[in-house]
file work.txt (compact mmCIF, C-alpha atoms)
# COMPACT_ATOMS: atom_id res chain seq x y z
CA MET A 130 91.21 82.93 73.54
CA PRO A 131 89.19 85.38 75.66
CA LYS A 132 88.19 88.63 74.01
CA VAL A 133 87.17 91.68 76.08
CA THR A 134 85.55 94.82 74.69
CA LEU A 135 84.85 97.99 76.68
CA LEU A 136 81.26 98.80 75.68
CA CYS A 137 80.81 102.03 77.62
CA HIS A 138 81.82 103.87 80.78
CA THR A 139 80.90 106.89 82.87
CA PRO A 140 81.75 109.98 80.80
CA ASP A 141 84.91 111.78 81.95
CA PRO A 142 85.40 109.28 84.80
CA GLN A 143 88.49 110.84 86.36
CA ARG A 144 86.86 114.28 86.61
CA ILE A 145 83.76 112.75 88.24
CA VAL A 146 85.92 111.04 90.86
CA ALA A 147 87.84 114.26 91.47
CA ALA A 148 84.55 116.17 91.87
CA ALA A 149 83.37 113.66 94.49
CA ALA A 150 86.69 114.00 96.33
CA LYS A 151 86.47 117.79 96.13
CA LEU A 152 83.08 117.67 97.84
CA CYS A 153 84.48 115.52 100.65
CA TYR A 154 87.39 117.81 101.46
CA SER A 155 86.17 121.34 100.79
CA ALA A 156 83.26 123.68 101.49
CA GLN A 157 82.55 123.83 97.77
CA THR A 158 78.87 123.95 96.79
CA VAL A 159 77.45 121.37 94.42
CA ASP A 160 76.99 124.01 91.70
CA GLY A 161 80.73 124.63 91.61
CA LEU A 162 82.00 121.08 91.93
CA LEU A 163 83.29 120.79 88.38
CA GLN A 164 84.63 124.33 88.18
CA GLY A 165 88.39 124.63 88.09
CA LEU A 166 88.92 120.88 87.71
CA THR A 167 91.70 121.01 85.16
CA ASP A 168 93.55 117.86 84.20
CA GLU A 169 96.25 118.80 86.69
CA LYS A 170 93.78 119.38 89.54
CA THR A 171 91.94 116.17 88.69
CA GLU A 172 95.17 114.19 88.88
CA GLN A 173 96.05 115.81 92.20
CA PHE A 174 92.70 114.88 93.73
CA ILE A 175 92.99 111.27 92.57
CA HIS A 176 96.56 110.95 93.89
CA MET A 177 95.40 112.41 97.20
CA LEU A 178 92.64 109.80 97.43
CA MET A 179 95.03 106.98 96.67
CA GLY A 180 97.52 108.26 99.23
CA LEU A 181 94.82 108.39 101.90
CA GLY A 182 93.39 105.01 100.97
CA HIS A 183 90.03 106.76 100.48
CA GLU A 184 88.42 104.69 97.74
CA SER A 185 84.69 105.40 98.13
CA PRO A 186 84.68 108.33 95.63
CA VAL A 187 85.84 106.01 92.84
CA GLU A 188 82.58 104.06 93.19
CA HIS A 189 80.83 106.87 91.30
CA VAL A 190 82.23 105.70 87.95
CA SER A 191 81.53 102.42 86.24
CA PHE A 192 82.71 100.44 83.22
CA THR A 193 80.77 97.92 81.13
CA PHE A 194 82.57 95.12 79.28
CA ALA A 195 81.56 92.44 76.80
CA ILE A 196 83.48 89.22 77.40
CA GLU A 197 83.45 86.31 74.96
CA GLY A 198 85.43 83.18 74.18
CA VAL A 199 85.49 82.15 77.85
CA SER A 200 84.40 78.99 79.65
CA ARG A 201 81.65 78.32 82.14
CA SER A 202 84.51 77.59 84.52
CA LEU A 203 85.49 81.26 84.29
CA LEU A 204 81.88 82.25 84.92
CA ALA A 205 82.00 80.45 88.28
CA GLN A 206 85.07 82.49 89.24
CA ILE A 207 84.14 85.94 87.99
CA THR A 208 80.72 85.94 89.67
CA ARG A 209 82.45 85.60 93.04
CA HIS A 210 83.08 89.33 92.60
CA ARG A 211 79.64 90.24 93.87
CA ILE A 212 79.62 94.04 93.60
CA ALA A 213 79.03 93.88 89.87
CA SER A 214 76.26 93.25 87.35
CA TYR A 215 76.27 90.24 85.03
CA SER A 216 74.23 89.24 81.99
CA VAL A 217 75.21 85.79 80.70
CA GLN A 218 74.18 83.80 77.64
CA SER A 219 71.58 81.31 78.86
CA GLN A 220 71.92 77.59 78.32
CA ARG A 221 68.19 77.26 79.09
CA TYR A 222 67.09 79.30 76.09
CA VAL A 223 69.99 78.96 73.63
CA ARG A 224 70.49 75.55 72.02
CA LEU A 225 74.19 74.82 71.72
CA SER A 226 74.42 72.62 68.64
CA PRO A 227 77.29 72.12 68.40
CA PHE A 228 78.67 73.80 71.49
CA GLU A 229 81.99 75.64 71.32
CA TYR A 230 84.49 74.95 74.08
CA VAL A 231 87.68 76.37 75.58
CA THR A 232 90.85 74.27 75.58
CA PRO A 233 93.38 75.00 78.36
CA PRO A 234 96.88 75.76 76.99
CA GLU A 235 98.45 72.89 78.95
CA VAL A 236 95.98 70.47 77.40
CA ALA A 237 96.53 71.93 73.93
CA SER A 238 100.30 71.53 74.27
CA ASP A 239 100.16 67.78 74.97
CA PRO A 240 98.94 65.54 72.09
CA ARG A 241 97.71 62.75 74.36
CA ALA A 242 95.87 65.12 76.68
CA LEU A 243 94.41 66.98 73.73
CA ALA A 244 93.13 63.75 72.16
CA ALA A 245 91.50 62.66 75.43
CA TYR A 246 90.03 66.13 75.88
CA GLY A 247 88.58 66.08 72.37
CA ARG A 248 86.95 62.71 73.02
CA ALA A 249 85.38 64.02 76.22
CA MET A 250 83.99 67.08 74.44
CA GLN A 251 82.57 64.95 71.63
CA ALA A 252 80.97 62.56 74.12
CA ALA A 253 79.33 65.50 75.91
CA ALA A 254 78.09 66.92 72.60
CA ASP A 255 76.66 63.56 71.54
CA SER A 256 74.92 63.09 74.90
CA TYR A 257 73.50 66.62 74.76
CA GLU A 258 72.06 66.02 71.29
CA GLU A 259 70.67 62.60 72.22
CA ILE A 260 69.00 63.79 75.42
CA THR A 261 67.64 66.90 73.70
CA GLY A 262 66.11 64.76 70.95
CA ILE A 263 64.52 62.29 73.36
CA LEU A 264 63.05 64.97 75.62
CA LYS A 265 61.90 67.15 72.76
CA GLU A 266 59.97 64.25 71.25
CA LYS A 267 58.38 63.47 74.63
CA HIS A 268 57.40 67.08 75.38
CA GLN A 269 56.15 67.76 71.88
CA ALA A 270 53.84 64.75 71.97
CA ALA A 271 52.40 65.89 75.30
CA LEU A 272 51.88 69.45 74.06
CA LEU A 273 50.19 68.28 70.87
CA ALA A 274 47.90 66.10 72.94
CA GLU A 275 46.93 69.20 74.91
CA GLY A 276 45.94 70.90 71.67
CA VAL A 277 48.95 73.21 71.31
CA PRO A 278 49.53 74.12 67.62
CA GLU A 279 52.34 72.11 65.99
CA LYS A 280 54.78 74.99 65.42
CA GLN A 281 54.30 76.34 68.93
CA ALA A 282 54.55 72.86 70.41
CA ALA A 283 57.87 72.22 68.65
CA SER A 284 59.36 75.49 69.90
CA ARG A 285 58.21 75.00 73.49
CA ALA A 286 59.30 71.36 73.49
CA GLU A 287 62.84 72.29 72.44
CA LYS A 288 63.16 74.91 75.19
CA MET A 289 61.91 72.36 77.74
CA ALA A 290 64.35 69.74 76.41
CA ILE A 291 67.53 71.82 76.43
CA GLU A 292 66.74 73.06 79.93
CA ASP A 293 67.49 69.54 81.19
CA ALA A 294 69.92 68.38 78.50
CA ARG A 295 72.32 71.20 79.46
CA PHE A 296 73.24 69.28 82.62
CA VAL A 297 75.71 67.18 80.59
CA LEU A 298 77.53 70.22 79.20
CA PRO A 299 81.08 70.59 80.60
CA ASN A 300 82.77 73.49 82.39
CA ALA A 301 84.75 73.95 79.17
CA CYS A 302 81.59 75.01 77.32
CA GLU A 303 82.10 78.47 75.85
CA THR A 304 79.94 81.37 76.98
CA ARG A 305 79.74 85.14 76.67
CA MET A 306 78.63 87.85 79.05
CA VAL A 307 78.26 91.55 79.74
CA VAL A 308 79.81 92.73 83.01
CA THR A 309 79.58 96.12 84.74
CA MET A 310 81.78 97.10 87.69
CA ASN A 311 82.50 100.37 89.40
CA ALA A 312 86.12 101.44 89.68
CA ARG A 313 86.50 100.35 93.29
CA SER A 314 85.26 96.85 92.44
CA LEU A 315 87.70 96.82 89.54
CA TYR A 316 90.56 97.65 91.93
CA ASN A 317 89.64 94.56 93.95
CA PHE A 318 89.17 92.45 90.83
CA PHE A 319 92.59 93.40 89.45
CA ARG A 320 94.30 92.77 92.81
CA HIS A 321 93.01 89.21 92.84
CA ARG A 322 92.88 88.27 89.17
CA CYS A 323 96.00 89.92 87.69
CA CYS A 324 98.08 88.01 90.23
CA SER A 325 100.21 85.23 88.73
CA ARG A 326 98.49 82.79 91.11
CA ALA A 327 95.12 83.45 89.47
CA GLN A 328 93.91 80.85 86.99
CA TRP A 329 95.19 81.54 83.47
CA GLU A 330 91.84 82.27 81.83
CA ILE A 331 90.52 84.83 84.30
CA ARG A 332 94.00 86.40 84.52
CA GLU A 333 93.92 86.99 80.76
CA VAL A 334 90.46 88.55 81.04
CA ALA A 335 91.59 90.78 83.93
CA ASN A 336 94.67 91.97 82.05
CA GLN A 337 92.59 92.85 78.99
CA MET A 338 90.08 94.72 81.17
CA LEU A 339 92.90 96.63 82.89
CA ALA A 340 94.46 97.64 79.58
CA LEU A 341 91.10 98.96 78.36
CA VAL A 342 90.30 101.05 81.45
CA LYS A 343 93.83 102.47 81.51
CA GLU A 344 93.19 103.90 78.05
CA VAL A 345 90.26 106.00 79.29
CA ALA A 346 91.30 106.62 82.91
CA PRO A 347 95.10 106.23 83.17
CA VAL A 348 95.50 108.12 86.46
CA LEU A 349 92.61 106.32 88.12
CA PHE A 350 94.16 102.93 87.34
CA GLU A 351 97.86 103.77 87.21
CA THR A 352 98.78 101.51 90.16
CA SER A 353 96.19 98.80 89.48
CA GLY A 354 97.24 95.21 89.09
CA PRO A 355 98.30 92.49 91.52
CA PRO A 356 99.01 93.59 95.12
CA CYS A 357 102.78 93.41 94.69
CA VAL A 358 102.83 96.34 92.24
CA SER A 359 102.01 98.80 95.03
CA GLY A 360 103.05 96.98 98.19
CA PRO A 361 104.30 93.69 99.63
CA CYS A 362 103.00 90.39 98.26
CA PRO A 363 100.24 89.04 100.57
CA GLU A 364 100.67 85.43 99.46
CA GLY A 365 103.40 84.54 101.97
CA LYS A 366 105.04 81.19 101.17
CA MET A 367 102.72 80.88 98.16
CA SER A 368 104.28 83.96 96.53
CA CYS A 369 105.55 83.55 92.96
CA GLY A 370 108.65 85.58 93.88
CA LYS A 371 108.32 87.75 90.78
CA ALA A 372 107.35 91.07 92.35
CA ALA A 373 110.04 93.04 90.51
CA GLU A 374 108.96 91.54 87.20
CA MET A 375 105.33 92.36 87.91
CA ARG A 376 106.17 95.97 88.79
CA ARG A 377 108.06 96.38 85.54
CA ARG A 378 105.08 94.99 83.66
CA TYR A 379 102.35 97.00 85.36
CA LEU A 380 104.19 100.14 86.52
CA GLY A 381 107.24 100.25 84.30
CA LYS A 382 109.59 100.40 87.31
CA GLU A 383 111.57 98.10 89.53
CA SER A 384 110.31 98.94 93.02
CA VAL A 385 107.82 100.98 95.01
CA SER A 386 108.35 102.95 98.19
CA SER A 387 105.80 100.94 100.19
CA CYS A 388 107.76 97.67 99.90
call {"tool": "encode", "arguments": {"input": "work.txt", "output": "structure tokens"}}
result
Amino acid sequence: MPKVTLLCHTPDPQRIVAAAAKLCYSAQTVDGLLQGLTDEKTEQFIHMLMGLGHESPVEHVSFTFAIEGVSRSLLAQITRHRIASYSVQSQRYVRLSPFEYVTPPEVASDPRALAAYGRAMQAAADSYEEITGILKEKHQAALLAEGVPEKQAASRAEKMAIEDARFVLPNACETRMVVTMNARSLYNFFRHRCCSRAQWEIREVANQMLALVKEVAPVLFETSGPPCVSGPCPEGKMSCGKAAEMRRRYLGKESVSSC
């Protein structure tokens, strides 16, 4: 099961966004930007931005998350969101013996599928260990022949071995990462990944991330979620048809005026 932790964020994010908006729409000097920005005024500025569709001021605040218990398959999806920063556990430098892996719920719910899945994971683990052992022995012998001290040769040989042995590791292989996004990138991420058509794993990660940012910036993210929570569904004939249910979940209400 994915686990998301909010490591840090821009201090007082909503007030910073409101200050940026205030600069855009008034003759206020920089020295006075934060003056008079009460909670009420801050909320008004943010609602004004959302109403105008003016999202650039929200880029001034960012949020950093630790994500663990996810698959390399998820990694391929989340890094498609390019306006973000990622640090991911390396399979080149970290030996995965044994490697942990993610099991899809549909696989876990079917005994035959689960048994076949387990066999595939074990076969990958066995191949990884075998290839690592063969290559480590080969590299270590070469390094020793070059005069590299035994301890150093063993360490370098293992790193060289797992760099190539990792090619047999499956998409299910578990990984962990640190991700930083600004609020505007998060809006886009939530629109795509909270949608019921998103793959189950990244949808779970997105929902956990949304819950965490709502705790520290509830006004900034009050209408975040899949597109149907604040407007019509863009999926056309691929729509899940559950817009009302999604609005109740994310907004706590049945409909929105823009639909």
call {"tool": "atom_distance", "arguments": {"input": "work.txt", "atom1": "atom CA of A:Phe350", "atom2": "atom CA of A:Pro142"}}
result
11.1 Å
call {"tool": "closest_residue", "arguments": {"input": "work.txt", "among": "A:Arg305, A:His183, A:Arg209, A:Lys267", "to": "A:Tyr230", "atoms": "all atoms listed in the file"}}
result
A:Arg305
call {"tool": "atom_distance", "arguments": {"input": "work.txt", "atom1": "atom CA of A:Glu287", "atom2": "atom CA of A:Arg224"}}
result
8.3 Å
call {"tool": "closest_residue", "arguments": {"input": "work.txt", "among": "A:Ala327, A:Val358, A:Lys170, A:Ile291", "to": "A:Leu264", "atoms": "all atoms listed in the file"}}
result
A:Ile291
call {"tool": "atom_distance", "arguments": {"input": "work.txt", "atom1": "atom CA of A:Glu259", "atom2": "atom CA of A:Pro227"}}
result
12.2 Å
call {"tool": "closest_residue", "arguments": {"input": "work.txt", "among": "A:Ala283, A:Ala148, A:Met250, A:Leu243", "to": "A:Pro299", "atoms": "only C-alpha atoms"}}
result
A:Met250
call {"tool": "closest_residue", "arguments": {"input": "work.txt", "among": "A:Ala294, A:Ala205, A:Arg376, A:Phe174", "to": "A:Ala254", "atoms": "all atoms listed in the file"}}
result
A:Ala294
call {"tool": "closest_residue", "arguments": {"input": "work.txt", "among": "A:Leu203, A:Cys153, A:Ala242, A:Leu225", "to": "A:Ala301", "atoms": "only C-alpha atoms"}}
result
A:Leu203
call {"tool": "closest_residue", "arguments": {"input": "work.txt", "among": "A:Ala271, A:Val297, A:Met179, A:Cys137", "to": "A:Ser353", "atoms": "all atoms listed in the file"}}
result
A:Met179
call {"tool": "residues_near_point", "arguments": {"input": "work.txt", "point": "(60.4, 76.8, 76.4)", "cutoff": "12 Å", "atoms": "all atoms listed in the file", "output": "PyMOL selection string"}}
result
chain A and resi 220-224+265+268-269+272+281-293
call {"tool": "residues_around", "arguments": {"input": "work.txt", "residues": "A:Val190", "least_positions_apart": "6", "cutoff": "8 Å", "atoms": "all atoms listed in the file", "output": "short mmCIF file (atom, residue, chain, number, x, y, z; two decimals) with C-alpha atoms, in the coordinates of the input"}}
result
data_model
loop_
_atom_site.label_atom_id
_atom_site.label_comp_id
_atom_site.auth_asym_id
_atom_site.auth_seq_id
_atom_site.Cartn_x
_atom_site.Cartn_y
_atom_site.Cartn_z
CA HIS A 138 81.82 103.87 80.78
CA THR A 139 80.90 106.89 82.87
CA PRO A 142 85.40 109.28 84.80
CA ILE A 145 83.76 112.75 88.24
CA VAL A 146 85.92 111.04 90.86
CA ASN A 311 82.50 100.37 89.40
CA ALA A 312 86.12 101.44 89.68
#
call {"tool": "decode", "arguments": {"input": "work.txt", "residues": "stretch 148-189 of chain A", "atoms": "N, CA and C atoms", "output": "PDB file, in the first residue's frame"}}
result
ATOM      1  N   ALA A 148      -0.216  37.369  -1.488  1.00  0.00           N
ATOM      2  CA  ALA A 148       0.693  38.502  -1.654  1.00  0.00           C
ATOM      3  C   ALA A 148       1.088  38.661  -3.122  1.00  0.00           C
ATOM      4  N   ALA A 149       1.346  37.556  -3.806  1.00  0.00           N
ATOM      5  CA  ALA A 149       1.686  37.611  -5.228  1.00  0.00           C
ATOM      6  C   ALA A 149       0.518  38.162  -6.039  1.00  0.00           C
ATOM      7  N   ALA A 150      -0.697  37.726  -5.681  1.00  0.00           N
ATOM      8  CA  ALA A 150      -1.890  38.219  -6.382  1.00  0.00           C
ATOM      9  C   ALA A 150      -2.102  39.713  -6.122  1.00  0.00           C
ATOM     10  N   LYS A 151      -1.842  40.110  -4.878  1.00  0.00           N
ATOM     11  CA  LYS A 151      -1.998  41.522  -4.493  1.00  0.00           C
ATOM     12  C   LYS A 151      -1.076  42.401  -5.332  1.00  0.00           C
ATOM     13  N   LEU A 152       0.140  41.922  -5.574  1.00  0.00           N
ATOM     14  CA  LEU A 152       1.096  42.683  -6.383  1.00  0.00           C
ATOM     15  C   LEU A 152       0.607  42.833  -7.820  1.00  0.00           C
ATOM     16  N   CYS A 153      -0.039  41.777  -8.333  1.00  0.00           N
ATOM     17  CA  CYS A 153      -0.514  41.806  -9.721  1.00  0.00           C
ATOM     18  C   CYS A 153      -1.633  42.830  -9.929  1.00  0.00           C
ATOM     19  N   TYR A 154      -2.471  42.990  -8.915  1.00  0.00           N
ATOM     20  CA  TYR A 154      -3.715  43.748  -9.112  1.00  0.00           C
ATOM     21  C   TYR A 154      -3.804  45.043  -8.312  1.00  0.00           C
ATOM     22  N   SER A 155      -2.692  45.501  -7.763  1.00  0.00           N
ATOM     23  CA  SER A 155      -2.737  46.763  -7.027  1.00  0.00           C
ATOM     24  C   SER A 155      -1.426  47.504  -7.202  1.00  0.00           C
ATOM     25  N   ALA A 156      -1.409  48.763  -6.769  1.00  0.00           N
ATOM     26  CA  ALA A 156      -0.194  49.581  -6.855  1.00  0.00           C
ATOM     27  C   ALA A 156       0.649  49.423  -5.602  1.00  0.00           C
ATOM     28  N   GLN A 157       0.372  48.421  -4.820  1.00  0.00           N
ATOM     29  CA  GLN A 157       1.062  48.182  -3.553  1.00  0.00           C
ATOM     30  C   GLN A 157       2.570  48.000  -3.780  1.00  0.00           C
ATOM     31  N   THR A 158       3.378  48.617  -2.908  1.00  0.00           N
ATOM     32  CA  THR A 158       4.823  48.413  -2.982  1.00  0.00           C
ATOM     33  C   THR A 158       5.183  47.057  -2.383  1.00  0.00           C
ATOM     34  N   VAL A 159       6.359  46.586  -2.710  1.00  0.00           N
ATOM     35  CA  VAL A 159       6.815  45.296  -2.209  1.00  0.00           C
ATOM     36  C   VAL A 159       6.890  45.296  -0.688  1.00  0.00           C
ATOM     37  N   ASP A 160       7.305  46.424  -0.099  1.00  0.00           N
ATOM     38  CA  ASP A 160       7.436  46.503   1.362  1.00  0.00           C
ATOM     39  C   ASP A 160       6.115  46.264   2.080  1.00  0.00           C
ATOM     40  N   GLY A 161       5.016  46.578   1.431  1.00  0.00           N
ATOM     41  CA  GLY A 161       3.720  46.449   2.087  1.00  0.00           C
ATOM     42  C   GLY A 161       2.886  45.267   1.629  1.00  0.00           C
ATOM     43  N   LEU A 162       3.504  44.347   0.880  1.00  0.00           N
ATOM     44  CA  LEU A 162       2.742  43.250   0.298  1.00  0.00           C
ATOM     45  C   LEU A 162       1.990  42.409   1.328  1.00  0.00           C
ATOM     46  N   LEU A 163       2.650  42.121   2.432  1.00  0.00           N
ATOM     47  CA  LEU A 163       2.042  41.234   3.425  1.00  0.00           C
ATOM     48  C   LEU A 163       1.179  41.977   4.434  1.00  0.00           C
ATOM     49  N   GLN A 164       1.231  43.293   4.405  1.00  0.00           N
ATOM     50  CA  GLN A 164       0.435  44.075   5.349  1.00  0.00           C
ATOM     51  C   GLN A 164      -1.055  43.970   5.042  1.00  0.00           C
ATOM     52  N   GLY A 165      -1.834  43.782   6.073  1.00  0.00           N
ATOM     53  CA  GLY A 165      -3.281  43.732   5.922  1.00  0.00           C
ATOM     54  C   GLY A 165      -3.814  42.444   5.350  1.00  0.00           C
ATOM     55  N   LEU A 166      -2.939  41.454   5.135  1.00  0.00           N
ATOM     56  CA  LEU A 166      -3.398  40.175   4.594  1.00  0.00           C
ATOM     57  C   LEU A 166      -3.905  39.284   5.726  1.00  0.00           C
ATOM     58  N   THR A 167      -5.094  39.583   6.173  1.00  0.00           N
ATOM     59  CA  THR A 167      -5.755  38.748   7.171  1.00  0.00           C
ATOM     60  C   THR A 167      -6.179  37.437   6.520  1.00  0.00           C
ATOM     61  N   ASP A 168      -6.650  36.517   7.319  1.00  0.00           N
ATOM     62  CA  ASP A 168      -7.142  35.252   6.757  1.00  0.00           C
ATOM     63  C   ASP A 168      -8.271  35.506   5.768  1.00  0.00           C
ATOM     64  N   GLU A 169      -9.135  36.455   6.111  1.00  0.00           N
ATOM     65  CA  GLU A 169     -10.265  36.773   5.234  1.00  0.00           C
ATOM     66  C   GLU A 169      -9.793  37.362   3.911  1.00  0.00           C
ATOM     67  N   LYS A 170      -8.856  38.305   3.975  1.00  0.00           N
ATOM     68  CA  LYS A 170      -8.325  38.917   2.754  1.00  0.00           C
ATOM     69  C   LYS A 170      -7.575  37.887   1.899  1.00  0.00           C
ATOM     70  N   THR A 171      -6.829  37.026   2.570  1.00  0.00           N
ATOM     71  CA  THR A 171      -6.093  35.986   1.859  1.00  0.00           C
ATOM     72  C   THR A 171      -7.055  35.085   1.087  1.00  0.00           C
ATOM     73  N   GLU A 172      -8.122  34.677   1.743  1.00  0.00           N
ATOM     74  CA  GLU A 172      -9.115  33.824   1.098  1.00  0.00           C
ATOM     75  C   GLU A 172      -9.758  34.536  -0.086  1.00  0.00           C
ATOM     76  N   GLN A 173     -10.032  35.825   0.062  1.00  0.00           N
ATOM     77  CA  GLN A 173     -10.637  36.593  -1.020  1.00  0.00           C
ATOM     78  C   GLN A 173      -9.730  36.654  -2.247  1.00  0.00           C
ATOM     79  N   PHE A 174      -8.439  36.895  -2.009  1.00  0.00           N
ATOM     80  CA  PHE A 174      -7.494  36.947  -3.119  1.00  0.00           C
ATOM     81  C   PHE A 174      -7.416  35.609  -3.850  1.00  0.00           C
ATOM     82  N   ILE A 175      -7.370  34.519  -3.088  1.00  0.00           N
ATOM     83  CA  ILE A 175      -7.264  33.195  -3.714  1.00  0.00           C
ATOM     84  C   ILE A 175      -8.524  32.869  -4.511  1.00  0.00           C
ATOM     85  N   HIS A 176      -9.696  33.196  -3.950  1.00  0.00           N
ATOM     86  CA  HIS A 176     -10.949  32.958  -4.682  1.00  0.00           C
ATOM     87  C   HIS A 176     -11.013  33.810  -5.950  1.00  0.00           C
ATOM     88  N   MET A 177     -10.476  35.028  -5.868  1.00  0.00           N
ATOM     89  CA  MET A 177     -10.445  35.885  -7.051  1.00  0.00           C
ATOM     90  C   MET A 177      -9.580  35.249  -8.144  1.00  0.00           C
ATOM     91  N   LEU A 178      -8.416  34.737  -7.748  1.00  0.00           N
ATOM     92  CA  LEU A 178      -7.532  34.093  -8.711  1.00  0.00           C
ATOM     93  C   LEU A 178      -8.211  32.908  -9.384  1.00  0.00           C
ATOM     94  N   MET A 179      -8.852  32.085  -8.568  1.00  0.00           N
ATOM     95  CA  MET A 179      -9.505  30.899  -9.109  1.00  0.00           C
ATOM     96  C   MET A 179     -10.635  31.279 -10.063  1.00  0.00           C
ATOM     97  N   GLY A 180     -11.363  32.340  -9.700  1.00  0.00           N
ATOM     98  CA  GLY A 180     -12.462  32.790 -10.546  1.00  0.00           C
ATOM     99  C   GLY A 180     -11.982  33.329 -11.881  1.00  0.00           C
ATOM    100  N   LEU A 181     -10.796  33.935 -11.876  1.00  0.00           N
ATOM    101  CA  LEU A 181     -10.230  34.486 -13.103  1.00  0.00           C
ATOM    102  C   LEU A 181      -9.460  33.445 -13.914  1.00  0.00           C
ATOM    103  N   GLY A 182      -9.206  32.299 -13.298  1.00  0.00           N
ATOM    104  CA  GLY A 182      -8.366  31.308 -13.964  1.00  0.00           C
ATOM    105  C   GLY A 182      -6.907  31.733 -14.011  1.00  0.00           C
ATOM    106  N   HIS A 183      -6.514  32.620 -13.101  1.00  0.00           N
ATOM    107  CA  HIS A 183      -5.148  33.142 -13.052  1.00  0.00           C
ATOM    108  C   HIS A 183      -4.337  32.293 -12.069  1.00  0.00           C
ATOM    109  N   GLU A 184      -3.618  31.316 -12.586  1.00  0.00           N
ATOM    110  CA  GLU A 184      -2.956  30.345 -11.722  1.00  0.00           C
ATOM    111  C   GLU A 184      -1.467  30.608 -11.501  1.00  0.00           C
ATOM    112  N   SER A 185      -0.858  31.536 -12.236  1.00  0.00           N
ATOM    113  CA  SER A 185       0.591  31.704 -12.096  1.00  0.00           C
ATOM    114  C   SER A 185       1.029  32.095 -10.671  1.00  0.00           C
ATOM    115  N   PRO A 186       0.252  32.896  -9.904  1.00  0.00           N
ATOM    116  CA  PRO A 186       0.712  33.202  -8.547  1.00  0.00           C
ATOM    117  C   PRO A 186       0.851  31.986  -7.636  1.00  0.00           C
ATOM    118  N   VAL A 187       0.119  30.905  -7.914  1.00  0.00           N
ATOM    119  CA  VAL A 187       0.215  29.746  -7.030  1.00  0.00           C
ATOM    120  C   VAL A 187       1.506  28.962  -7.260  1.00  0.00           C
ATOM    121  N   GLU A 188       2.264  29.327  -8.310  1.00  0.00           N
ATOM    122  CA  GLU A 188       3.540  28.667  -8.543  1.00  0.00           C
ATOM    123  C   GLU A 188       4.590  29.070  -7.509  1.00  0.00           C
ATOM    124  N   HIS A 189       4.316  30.105  -6.726  1.00  0.00           N
ATOM    125  CA  HIS A 189       5.301  30.576  -5.749  1.00  0.00           C
ATOM    126  C   HIS A 189       5.379  29.714  -4.498  1.00  0.00           C
TER     127      HIS A 189
END
